[in-house]
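Just coords.pdb here, PDB, C-alpha atoms and all ligand atoms:
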```pdb
MODEL        1
ATOM      1  CA  MET A  27       1.672  -3.222  18.494
ATOM      2  CA  ASN A  28      -2.044  -2.619  18.208
ATOM      3  CA  ALA A  29      -3.375  -0.394  15.462
ATOM      4  CA  SER A  30      -4.558   2.380  17.723
ATOM      5  CA  SER A  31      -1.800   2.448  20.348
ATOM      6  CA  HIS A  32       0.221   5.382  18.991
ATOM      7  CA  LYS A  33      -1.870   6.761  16.174
ATOM      8  CA  PRO A  34      -3.489  10.167  15.707
ATOM      9  CA  PRO A  35      -7.303  10.246  15.364
ATOM     10  CA  VAL A  36      -8.774   8.614  12.267
ATOM     11  CA  THR A  37      -9.921  11.929  10.798
ATOM     12  CA  GLU A  38      -6.360  13.220  10.911
ATOM     13  CA  LEU A  39      -4.978  10.039   9.340
ATOM     14  CA  LEU A  40      -7.440  10.103   6.443
ATOM     15  CA  GLY A  41      -6.877  13.811   5.835
ATOM     16  CA  PRO A  42      -9.448  16.540   5.245
ATOM     17  CA  LYS A  43     -12.417  16.315   2.910
ATOM     18  CA  GLY A  44     -11.241  17.465  -0.520
ATOM     19  CA  GLY A  45      -7.591  16.587   0.190
ATOM     20  CA  ALA A  46      -5.579  13.861  -1.545
ATOM     21  CA  PRO A  47      -7.708  10.861  -2.580
ATOM     22  CA  ILE A  48      -8.011   8.325   0.247
ATOM     23  CA  VAL A  49      -6.656   4.837  -0.487
ATOM     24  CA  GLY A  50      -8.284   1.796   1.092
ATOM     25  CA  LEU A  51      -7.979  -1.970   0.640
ATOM     26  CA  THR A  52      -9.310  -4.939   2.563
ATOM     27  CA  ALA A  53      -7.046  -7.029   4.807
ATOM     28  CA  TYR A  54      -8.018 -10.160   6.707
ATOM     29  CA  THR A  55      -4.653 -11.567   7.729
ATOM     30  CA  ALA A  56      -1.376 -10.517   9.357
ATOM     31  CA  PRO A  57       0.860 -10.926   6.268
ATOM     32  CA  VAL A  58      -1.465  -8.914   4.043
ATOM     33  CA  ALA A  59      -1.800  -6.204   6.707
ATOM     34  CA  SER A  60       2.017  -5.915   6.909
ATOM     35  CA  LEU A  61       2.252  -5.588   3.128
ATOM     36  CA  LEU A  62      -0.482  -2.966   2.908
ATOM     37  CA  ASP A  63       0.475  -0.826   5.887
ATOM     38  CA  ARG A  64       2.874   1.588   4.128
ATOM     39  CA  HIS A  65       0.764   1.957   1.013
ATOM     40  CA  VAL A  66      -2.819   2.571   2.081
ATOM     41  CA  ASP A  67      -4.546   5.142   4.273
ATOM     42  CA  PHE A  68      -6.887   2.541   5.731
ATOM     43  CA  MET A  69      -7.431  -1.194   5.778
ATOM     44  CA  LEU A  70     -10.860  -2.678   6.086
ATOM     45  CA  VAL A  71     -11.305  -6.013   7.803
ATOM     46  CA  GLY A  72     -14.384  -6.507   5.671
ATOM     47  CA  ASP A  73     -17.120  -9.046   6.191
ATOM     48  CA  SER A  74     -16.294  -9.958   2.590
ATOM     49  CA  VAL A  75     -13.899 -12.325   4.412
ATOM     50  CA  ALA A  76     -16.952 -14.630   4.519
ATOM     51  CA  MET A  77     -16.916 -15.083   0.746
ATOM     52  CA  VAL A  78     -13.259 -14.515  -0.070
ATOM     53  CA  ILE A  79     -11.621 -16.618   2.670
ATOM     54  CA  TYR A  80     -14.360 -18.931   3.958
ATOM     55  CA  GLY A  81     -16.074 -19.641   0.618
ATOM     56  CA  MET A  82     -19.529 -18.667   1.903
ATOM     57  CA  ASP A  83     -22.243 -17.526  -0.533
ATOM     58  CA  THR A  84     -22.938 -14.196   1.165
ATOM     59  CA  THR A  85     -21.427 -11.917   3.814
ATOM     60  CA  ARG A  86     -24.402 -12.566   6.096
ATOM     61  CA  THR A  87     -23.080 -15.742   7.678
ATOM     62  CA  ILE A  88     -19.895 -14.494   9.315
ATOM     63  CA  ASP A  89     -20.042 -14.054  13.109
ATOM     64  CA  LEU A  90     -18.615 -11.474  15.488
ATOM     65  CA  ASP A  91     -15.972 -13.790  16.991
ATOM     66  CA  THR A  92     -14.553 -14.521  13.532
ATOM     67  CA  MET A  93     -14.458 -10.819  12.632
ATOM     68  CA  ILE A  94     -12.685 -10.121  15.920
ATOM     69  CA  ARG A  95     -10.097 -12.829  15.234
ATOM     70  CA  HIS A  96      -9.287 -11.345  11.819
ATOM     71  CA  GLY A  97      -9.407  -7.797  13.210
ATOM     72  CA  LYS A  98      -6.838  -8.724  15.841
ATOM     73  CA  ALA A  99      -4.449 -10.214  13.267
ATOM     74  CA  VAL A 100      -4.704  -7.106  11.083
ATOM     75  CA  ALA A 101      -4.536  -4.488  13.850
ATOM     76  CA  ARG A 102      -1.378  -6.068  15.284
ATOM     77  CA  ASN A 103       0.332  -5.608  11.929
ATOM     78  CA  ALA A 104      -0.784  -2.105  10.998
ATOM     79  CA  SER A 105       1.269   0.614  12.607
ATOM     80  CA  GLN A 106       0.403   3.454  10.190
ATOM     81  CA  ALA A 107      -2.831   2.768   8.338
ATOM     82  CA  VAL A 108      -6.238   3.159   9.958
ATOM     83  CA  VAL A 109      -7.815  -0.231  10.690
ATOM     84  CA  VAL A 110     -11.583  -0.467  10.312
ATOM     85  CA  VAL A 111     -13.483  -3.642  11.243
ATOM     86  CA  ASP A 112     -16.868  -4.465   9.723
ATOM     87  CA  MET A 113     -19.708  -5.113  12.164
ATOM     88  CA  PRO A 114     -21.238  -8.364  10.881
ATOM     89  CA  PHE A 115     -24.877  -8.881   9.975
ATOM     90  CA  GLY A 116     -27.150  -9.221  12.999
ATOM     91  CA  THR A 117     -24.840  -7.545  15.520
ATOM     92  CA  TYR A 118     -25.909  -3.883  15.323
ATOM     93  CA  GLU A 119     -29.027  -3.173  13.240
ATOM     94  CA  ASP A 120     -31.832  -3.784  15.730
ATOM     95  CA  ASP A 121     -30.833  -1.902  18.854
ATOM     96  CA  PRO A 122     -28.335   0.945  19.444
ATOM     97  CA  GLU A 123     -27.343  -0.474  22.847
ATOM     98  CA  ILE A 124     -26.571  -3.916  21.404
ATOM     99  CA  ALA A 125     -24.661  -2.210  18.594
ATOM    100  CA  LEU A 126     -22.634  -0.270  21.166
ATOM    101  CA  ALA A 127     -21.847  -3.370  23.253
ATOM    102  CA  ASN A 128     -20.676  -5.252  20.147
ATOM    103  CA  ALA A 129     -18.710  -2.282  18.772
ATOM    104  CA  ARG A 130     -16.948  -1.979  22.162
ATOM    105  CA  ARG A 131     -16.007  -5.665  21.959
ATOM    106  CA  VAL A 132     -14.533  -5.137  18.507
ATOM    107  CA  MET A 133     -12.514  -2.107  19.587
ATOM    108  CA  VAL A 134     -11.249  -3.594  22.858
ATOM    109  CA  GLU A 135     -10.516  -7.101  21.596
ATOM    110  CA  THR A 136      -8.950  -6.187  18.237
ATOM    111  CA  GLY A 137      -7.195  -2.876  18.918
ATOM    112  CA  ALA A 138      -8.697  -1.507  15.673
ATOM    113  CA  ASP A 139      -9.269   2.216  15.092
ATOM    114  CA  ALA A 140     -12.898   2.153  13.943
ATOM    115  CA  VAL A 141     -15.892   0.026  13.009
ATOM    116  CA  LYS A 142     -18.011   0.057   9.859
ATOM    117  CA  MET A 143     -21.766  -0.405   9.643
ATOM    118  CA  GLU A 144     -24.016  -0.816   6.614
ATOM    119  CA  GLY A 145     -27.217   1.188   6.610
ATOM    120  CA  GLY A 146     -29.002   4.381   5.649
ATOM    121  CA  ALA A 147     -31.213   6.859   7.529
ATOM    122  CA  GLU A 148     -32.729   4.039   9.602
ATOM    123  CA  LEU A 149     -29.278   3.402  11.145
ATOM    124  CA  ALA A 150     -28.531   7.037  12.048
ATOM    125  CA  ALA A 151     -29.555   6.732  15.720
ATOM    126  CA  THR A 152     -27.295   3.703  16.134
ATOM    127  CA  VAL A 153     -24.328   5.436  14.507
ATOM    128  CA  ALA A 154     -24.905   8.478  16.769
ATOM    129  CA  ARG A 155     -25.008   6.268  19.893
ATOM    130  CA  VAL A 156     -21.744   4.470  19.032
ATOM    131  CA  VAL A 157     -19.964   7.702  18.032
ATOM    132  CA  ALA A 158     -21.128   9.364  21.277
ATOM    133  CA  ASP A 159     -19.294   6.609  23.132
ATOM    134  CA  GLY A 160     -16.058   7.647  21.396
ATOM    135  CA  ILE A 161     -15.970   4.872  18.800
ATOM    136  CA  PRO A 162     -15.269   6.147  15.267
ATOM    137  CA  VAL A 163     -17.799   4.789  12.762
ATOM    138  CA  MET A 164     -17.441   4.464   8.991
ATOM    139  CA  GLY A 165     -20.812   4.287   7.210
ATOM    140  CA  HIS A 166     -21.694   2.160   4.164
ATOM    141  CA  ILE A 167     -24.561   3.073   1.829
ATOM    142  CA  GLY A 168     -25.798   2.321  -1.695
ATOM    143  CA  LEU A 169     -25.362  -1.369  -2.430
ATOM    144  CA  MET A 170     -25.245  -3.044   0.965
ATOM    145  CA  PRO A 171     -23.967  -6.633   0.628
ATOM    146  CA  GLN A 172     -25.478  -7.680   3.985
ATOM    147  CA  GLN A 173     -28.897  -7.198   2.395
ATOM    148  CA  VAL A 174     -28.002  -9.415  -0.554
ATOM    149  CA  ARG A 175     -28.931 -13.073  -0.183
ATOM    150  CA  ALA A 176     -27.390 -14.401  -3.412
ATOM    151  CA  THR A 177     -24.565 -13.235  -5.655
ATOM    152  CA  GLY A 178     -26.965 -12.609  -8.574
ATOM    153  CA  GLN A 179     -28.522  -9.756  -6.589
ATOM    154  CA  PHE A 180     -25.445  -7.504  -6.574
ATOM    155  CA  LYS A 181     -26.920  -4.698  -8.706
ATOM    156  CA  SER A 182     -25.804  -1.085  -9.015
ATOM    157  CA  LYS A 183     -27.997   1.590  -7.421
ATOM    158  CA  GLY A 184     -29.251   5.074  -8.224
ATOM    159  CA  HIS A 185     -30.847   4.451 -11.613
ATOM    160  CA  SER A 186     -34.196   6.008 -10.694
ATOM    161  CA  GLU A 187     -34.884   9.449  -9.247
ATOM    162  CA  THR A 188     -36.515   7.921  -6.154
ATOM    163  CA  GLU A 189     -33.554   5.649  -5.483
ATOM    164  CA  SER A 190     -31.050   8.493  -6.029
ATOM    165  CA  ARG A 191     -32.901  10.736  -3.537
ATOM    166  CA  ARG A 192     -32.988   7.950  -0.994
ATOM    167  CA  ILE A 193     -29.255   7.229  -1.243
ATOM    168  CA  LEU A 194     -28.427  10.927  -0.901
ATOM    169  CA  LYS A 195     -30.735  11.135   2.136
ATOM    170  CA  ASP A 196     -28.995   8.076   3.616
ATOM    171  CA  ALA A 197     -25.552   9.618   3.134
ATOM    172  CA  LEU A 198     -26.529  12.884   4.805
ATOM    173  CA  ALA A 199     -28.235  11.122   7.718
ATOM    174  CA  ILE A 200     -25.176   8.946   8.405
ATOM    175  CA  ALA A 201     -22.813  11.930   8.106
ATOM    176  CA  ARG A 202     -24.964  14.003  10.488
ATOM    177  CA  ALA A 203     -24.991  11.079  12.922
ATOM    178  CA  GLY A 204     -21.211  11.486  13.191
ATOM    179  CA  ALA A 205     -19.649   8.934  10.807
ATOM    180  CA  PHE A 206     -16.100  10.035   9.911
ATOM    181  CA  ALA A 207     -16.327   8.643   6.348
ATOM    182  CA  ILE A 208     -18.879   6.764   4.244
ATOM    183  CA  VAL A 209     -18.361   3.873   1.831
ATOM    184  CA  VAL A 210     -20.539   4.378  -1.233
ATOM    185  CA  GLU A 211     -20.913   1.051  -3.023
ATOM    186  CA  GLY A 212     -22.277   0.278  -6.489
ATOM    187  CA  VAL A 213     -23.771   3.711  -7.175
ATOM    188  CA  VAL A 214     -24.037   5.351 -10.605
ATOM    189  CA  GLU A 215     -21.586   8.179 -11.224
ATOM    190  CA  PRO A 216     -23.874  11.255 -11.155
ATOM    191  CA  VAL A 217     -25.385  10.197  -7.836
ATOM    192  CA  ALA A 218     -21.960   9.402  -6.328
ATOM    193  CA  ARG A 219     -20.802  12.852  -7.475
ATOM    194  CA  GLU A 220     -23.825  14.559  -5.912
ATOM    195  CA  ILE A 221     -23.395  12.668  -2.634
ATOM    196  CA  THR A 222     -19.690  13.538  -2.500
ATOM    197  CA  ALA A 223     -20.426  17.219  -3.085
ATOM    198  CA  ALA A 224     -23.186  17.310  -0.474
ATOM    199  CA  CYS A 225     -21.567  15.149   2.194
ATOM    200  CA  PRO A 226     -19.438  16.915   4.838
ATOM    201  CA  VAL A 227     -17.268  13.807   5.366
ATOM    202  CA  PRO A 228     -15.173  11.873   2.819
ATOM    203  CA  THR A 229     -16.926   9.358   0.581
ATOM    204  CA  ILE A 230     -15.057   6.148  -0.216
ATOM    205  CA  GLY A 231     -16.163   4.624  -3.483
ATOM    206  CA  ILE A 232     -16.325   0.992  -4.514
ATOM    207  CA  GLY A 233     -18.038   0.833  -7.870
ATOM    208  CA  ALA A 234     -19.058   4.457  -7.371
ATOM    209  CA  SER A 235     -16.776   6.248  -9.865
ATOM    210  CA  VAL A 236     -13.771   8.512  -9.529
ATOM    211  CA  ALA A 237     -16.027  11.271  -8.145
ATOM    212  CA  CYS A 238     -15.658   9.922  -4.591
ATOM    213  CA  ASP A 239     -13.078  11.286  -2.126
ATOM    214  CA  GLY A 240     -11.342   7.906  -1.955
ATOM    215  CA  GLN A 241     -11.505   4.341  -3.207
ATOM    216  CA  ILE A 242     -11.514   0.863  -1.722
ATOM    217  CA  LEU A 243     -11.273  -2.547  -3.351
ATOM    218  CA  VAL A 244     -11.153  -6.076  -2.013
ATOM    219  CA  THR A 245      -7.450  -7.000  -2.123
ATOM    220  CA  GLU A 246      -8.144 -10.524  -3.359
ATOM    221  CA  ASP A 247     -10.226  -9.094  -6.236
ATOM    222  CA  MET A 248      -7.592  -6.639  -7.444
ATOM    223  CA  THR A 249      -4.761  -9.176  -7.132
ATOM    224  CA  GLY A 250      -6.602 -12.000  -8.892
ATOM    225  CA  MET A 251      -6.753 -14.249  -5.824
ATOM    226  CA  PHE A 252     -10.556 -14.376  -5.780
ATOM    227  CA  THR A 253     -11.911 -15.411  -9.147
ATOM    228  CA  GLN A 254     -15.410 -16.819  -8.467
ATOM    229  CA  PHE A 255     -16.894 -13.659  -9.878
ATOM    230  CA  ARG A 256     -15.542 -10.267 -10.882
ATOM    231  CA  PRO A 257     -17.624  -7.133 -10.516
ATOM    232  CA  LYS A 258     -17.361  -4.535 -13.323
ATOM    233  CA  PHE A 259     -15.685  -2.054 -10.971
ATOM    234  CA  VAL A 260     -12.685  -4.283 -10.179
ATOM    235  CA  LYS A 261      -9.407  -3.492 -11.902
ATOM    236  CA  ARG A 262      -6.922  -6.381 -11.791
ATOM    237  CA  TYR A 263      -3.431  -5.232 -10.830
ATOM    238  CA  ALA A 264      -1.954  -8.744 -10.646
ATOM    239  CA  ASP A 265      -2.841 -12.344 -11.370
ATOM    240  CA  LEU A 266      -1.652 -13.970  -8.152
ATOM    241  CA  GLY A 267      -4.181 -16.780  -8.432
ATOM    242  CA  ALA A 268      -2.571 -17.955 -11.682
ATOM    243  CA  GLU A 269       0.920 -17.507 -10.203
ATOM    244  CA  LEU A 270      -0.028 -19.572  -7.115
ATOM    245  CA  GLU A 271      -1.449 -22.312  -9.326
ATOM    246  CA  ARG A 272       1.723 -22.317 -11.431
ATOM    247  CA  ALA A 273       3.848 -22.739  -8.272
ATOM    248  CA  VAL A 274       1.619 -25.509  -6.899
ATOM    249  CA  ALA A 275       1.700 -27.421 -10.214
ATOM    250  CA  ALA A 276       5.521 -27.110 -10.411
ATOM    251  CA  TYR A 277       5.874 -28.405  -6.829
ATOM    252  CA  ALA A 278       3.559 -31.355  -7.510
ATOM    253  CA  GLU A 279       5.530 -32.221 -10.646
ATOM    254  CA  ASP A 280       8.861 -32.004  -8.753
ATOM    255  CA  VAL A 281       7.636 -34.281  -5.944
ATOM    256  CA  ARG A 282       6.288 -36.856  -8.400
ATOM    257  CA  ALA A 283       9.557 -36.811 -10.372
ATOM    258  CA  ARG A 284      11.647 -36.989  -7.136
ATOM    259  CA  ARG A 285      13.303 -33.664  -8.065
ATOM    260  CA  PHE A 286      12.235 -32.198  -4.716
ATOM    261  CA  PRO A 287      13.685 -32.145  -2.106
ATOM    262  CA  GLY A 288      17.147 -31.627  -3.640
ATOM    263  CA  PRO A 289      20.485 -31.895  -1.838
ATOM    264  CA  GLU A 290      20.255 -28.217  -0.829
ATOM    265  CA  HIS A 291      17.033 -28.939   1.079
ATOM    266  CA  THR A 292      18.369 -32.052   2.812
ATOM    267  CA  PHE A 293      19.990 -32.364   6.247
ATOM    268  CA  LYS A 294      23.349 -34.156   6.233
ATOM    269  CA  PRO A 295      24.812 -35.954   9.258
ATOM    270  CA  ARG A 296      27.144 -33.760  11.277
ATOM    271  CA  LYS A 297      30.875 -34.609  11.385
ATOM    272  CA  LYS A 298      31.727 -37.119  14.156
ATOM    273  CA  ALA A 299      34.186 -34.767  15.988
ATOM    274  CA  ALA A 300      31.564 -32.073  16.429
ATOM    275  CA  ASP A 301      29.159 -34.670  17.803
ATOM    276  CA  LYS A 302      31.613 -35.609  20.519
ATOM    277  CA  ALA A 303      32.314 -32.002  21.472
ATOM    278  CA  THR A 304      28.685 -31.008  21.966
ATOM    279  CA  GLY A 305      27.063 -34.327  22.680
ATOM    280  CA  ALA A 306      24.178 -32.949  20.664
ATOM    281  CA  LYS A 307      21.949 -35.070  18.482
ATOM    282  CA  GLU A 308      21.502 -34.397  14.755
ATOM    283  CA  ASP A 309      17.862 -33.326  15.265
ATOM    284  CA  ALA A 310      18.831 -30.683  17.825
ATOM    285  CA  ARG A 311      20.595 -28.492  15.243
ATOM    286  CA  PRO A 312      18.792 -25.269  14.355
ATOM    287  CA  TYR A 313      17.398 -25.180  10.822
ATOM    288  CA  PRO A 314      19.946 -23.511   8.548
ATOM    289  CA  LYS A 315      18.853 -20.277   6.958
ATOM    290  CA  SER A 316      17.976 -20.695   3.290
TER     291      SER A 316
HETATM  292  O1  LIG B 401     -16.649  -6.222   3.302
HETATM  293  C1  LIG B 401     -16.082  -5.526   2.453
HETATM  294  O2  LIG B 401     -15.079  -5.896   1.841
HETATM  295  C2  LIG B 401     -16.656  -4.215   2.180
HETATM  296  C3  LIG B 401     -16.130  -3.505   0.987
HETATM  297  C4  LIG B 401     -16.807  -4.033  -0.203
HETATM  298  C5  LIG B 401     -16.263  -2.032   1.120
HETATM  299  O3  LIG B 401     -17.532  -3.787   2.853
ENDMDL
END
```

Conversion result in C-alpha cells:
Amino acid sequence: MNASSHKPPVTELLGPKGGAPIVGLTAYTAPVASLLDRHVDFMLVGDSVAMVIYGMDTTRTIDLDTMIRHGKAVARNASQAVVVVDMPFGTYEDDPEIALANARRVMVETGADAVKMEGGAELAATVARVVADGIPVMGHIGLMPQQVRATGQFKSKGHSETESRRILKDALAIARAGAFAIVVEGVVEPVAREITAACPVPTIGIGASVACDGQILVTEDMTGMFTQFRPKFVKRYADLGAELERAVAAYAEDVRARRFPGPEHTFKPRKKAADKATGAKEDARPYPKS
C-alpha cells in the first residue's frame, strides 16, 4: 500500500502546532520504514542517503531517480506515518515550474505524502507554487546541507544578530508560502525558540534544541550505523554498527573453522519411499522454515 492511499492530510497526522512533540526519523529502505512506521509521526527519505548509504562526501550528488527509488520503497511500507521525500540539489531551486514538475514526479512515482525543500526567503515563490498545486511541502532552514561542499563546513547558525534575523525571516517566508512544517537545522537555542514562537506551523529541530515543536534525527546516526562523523546533536540510542561487526566476525570465524554450516543448516537426502511416491527431486523441496 502506498503511503498516501488511505491517510488523512499531513497536517492532521502531525497534529496541531503546540500539541504533542512531533517525532521524525529518516528512512531510506523498506525494512527500516516497516520498523519505524508505528513509532514515528513522519519519516523523511532524506538526501542524507547520499552520505549514509552511498558513501558520498556531500548530499549534493544524489539524483532525482535515486531519491524516487528510495521514496517508493519507504512509501510502500509506511501505512501510518507521513512520508516526506527530499527534493535533491539542482531539481527545484532555479525555477518554480521545474520544481513543480519534479515534485509531481516524486509524488506520483513514490506515493509519498509530501516533499521537502531546503531554502529561505528566496525559495518562498517556489514553495507557494508547489503548494498551490496541492503538494504538501516541508521547509528546511538554518544549516542547509545542500549548500555545504565538504563535511568540515557543517557549522551551527544564528551566532550573530544579522544571521539570527535572516533565519527568522526565512522561517516566516517559508511558512507564509504554505509549508506545513519547517525543519530547523543546526541553529542555536535562543533563535530556534524565537522561530518556534513566531512561526505559525510546527518547527522540526535537528541540532536546534528542545524548543522546537518536534525533532528529527538520521536513523543511522542514532543507531550507531553511520560512524564516519557524529554531530554534537546526535544522541546514540544503540550501537548497531558494533553489533553488526561482531556478527560478521563471528560468521567469518565459523566459516574458517568449518563450524558453519552445521547439521541444522544442511539438507539431507529424502527417504527413498517418499521419492518414489512423488517422483520429486531433492532440489524441488521447499526450504524448511528455520
Ligand atoms: O537529508 C536529511 O536527512 C535531512 C535531515 C538532516 C533533516 O534533511

Using all atoms listed in the file, what are the residues with an atom within 10 Å of ligand LIG 401 (chain B), set out as an mmCIF file with C-alpha atoms, in the frame of the given file?
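Result file selection_13.cif:
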```cif
data_model
loop_
_atom_site.group_PDB
_atom_site.id
_atom_site.type_symbol
_atom_site.label_atom_id
_atom_site.label_comp_id
_atom_site.auth_asym_id
_atom_site.auth_seq_id
_atom_site.Cartn_x
_atom_site.Cartn_y
_atom_site.Cartn_z
ATOM 1 C CA GLY A 50 -8.284 1.796 1.092
ATOM 2 C CA LEU A 51 -7.979 -1.970 0.640
ATOM 3 C CA THR A 52 -9.310 -4.939 2.563
ATOM 4 C CA ALA A 53 -7.046 -7.029 4.807
ATOM 5 C CA TYR A 54 -8.018 -10.160 6.707
ATOM 6 C CA MET A 69 -7.431 -1.194 5.778
ATOM 7 C CA LEU A 70 -10.860 -2.678 6.086
ATOM 8 C CA VAL A 71 -11.305 -6.013 7.803
ATOM 9 C CA GLY A 72 -14.384 -6.507 5.671
ATOM 10 C CA ASP A 73 -17.120 -9.046 6.191
ATOM 11 C CA SER A 74 -16.294 -9.958 2.590
ATOM 12 C CA VAL A 75 -13.899 -12.325 4.412
ATOM 13 C CA ALA A 76 -16.952 -14.630 4.519
ATOM 14 C CA MET A 77 -16.916 -15.083 0.746
ATOM 15 C CA VAL A 78 -13.259 -14.515 -0.070
ATOM 16 C CA THR A 85 -21.427 -11.917 3.814
ATOM 17 C CA VAL A 111 -13.483 -3.642 11.243
ATOM 18 C CA ASP A 112 -16.868 -4.465 9.723
ATOM 19 C CA MET A 113 -19.708 -5.113 12.164
ATOM 20 C CA PRO A 114 -21.238 -8.364 10.881
ATOM 21 C CA LYS A 142 -18.011 0.057 9.859
ATOM 22 C CA MET A 143 -21.766 -0.405 9.643
ATOM 23 C CA GLU A 144 -24.016 -0.816 6.614
ATOM 24 C CA GLY A 165 -20.812 4.287 7.210
ATOM 25 C CA HIS A 166 -21.694 2.160 4.164
ATOM 26 C CA ILE A 167 -24.561 3.073 1.829
ATOM 27 C CA LEU A 169 -25.362 -1.369 -2.430
ATOM 28 C CA MET A 170 -25.245 -3.044 0.965
ATOM 29 C CA PRO A 171 -23.967 -6.633 0.628
ATOM 30 C CA GLN A 172 -25.478 -7.680 3.985
ATOM 31 C CA ILE A 208 -18.879 6.764 4.244
ATOM 32 C CA VAL A 209 -18.361 3.873 1.831
ATOM 33 C CA VAL A 210 -20.539 4.378 -1.233
ATOM 34 C CA GLU A 211 -20.913 1.051 -3.023
ATOM 35 C CA GLY A 212 -22.277 0.278 -6.489
ATOM 36 C CA ILE A 230 -15.057 6.148 -0.216
ATOM 37 C CA GLY A 231 -16.163 4.624 -3.483
ATOM 38 C CA ILE A 232 -16.325 0.992 -4.514
ATOM 39 C CA GLY A 233 -18.038 0.833 -7.870
ATOM 40 C CA GLN A 241 -11.505 4.341 -3.207
ATOM 41 C CA ILE A 242 -11.514 0.863 -1.722
ATOM 42 C CA LEU A 243 -11.273 -2.547 -3.351
ATOM 43 C CA VAL A 244 -11.153 -6.076 -2.013
ATOM 44 C CA THR A 245 -7.450 -7.000 -2.123
ATOM 45 C CA GLU A 246 -8.144 -10.524 -3.359
ATOM 46 C CA ASP A 247 -10.226 -9.094 -6.236
#
```

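Taking atom CA of A:Gly204 and atom CA of A:Tyr118 as the two end points, the separation is 16.2 Å.
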
Applied to this file, what does the PyMOL selection byres (((chain A and resi 193) around 12) and not hetatm) return in terms of residues, put as number ranges by chain?
A: 145-148, 166-170, 182-192, 194-200, 208-214, 216-222, 224-225

Answer as an NGL selection string, residues within 12 Å of (-3.1, -2.7, 14.9) using only C-alpha atoms:
:A and (27-33 or 53 or 55-56 or 59-60 or 63 or 68-71 or 96-111 or 133-140)

Quick one: which residues end up in the PyMOL selection byres (((chain A and resi 254-257) around 9) and not hetatm) for this structure, as a ChimeraX atom specification?
/A:78,177,180,233,247,252-253,258-260

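Here atom CA of A:Ile161 and atom CA of A:Glu119 stand 16.3 Å from one another.
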
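For the pair atom CA of A:Cys238 and atom CA of A:Ala154, the separation is 23.3 Å.
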
Tell me which of A:Arg272, A:His65, A:Arg86, A:Arg131 sits closest to A:Val174, counting all atoms listed in the file.
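That would be A:Arg86, the residue with the smallest distance to A:Val174.
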
For the interface of stretch 142-216 of chain A with stretch 39-43 of chain A (cut-off 12 Å, counting only C-alpha atoms), please tabulate each contacting residue of stretch 142-216 of chain A alongside its nearest pair of atoms and their separation in Å to one decimal, rows sorted by chain and increasing number, as a tab-separated table.
```
residue	atom	partner	partner_atom	distance
A:Met164	CA	A:Leu40	CA	11.8
A:Phe206	CA	A:Leu40	CA	9.3
A:Ala207	CA	A:Leu40	CA	9.0
A:Ile208	CA	A:Lys43	CA	11.6
```

Could you write out as a PyMOL selection string the residues that the PyMOL selection byres (((chain A and resi 122) around 9) and not hetatm) matches in the shown file?
chain A and resi 118-121+123-127+149+151-156
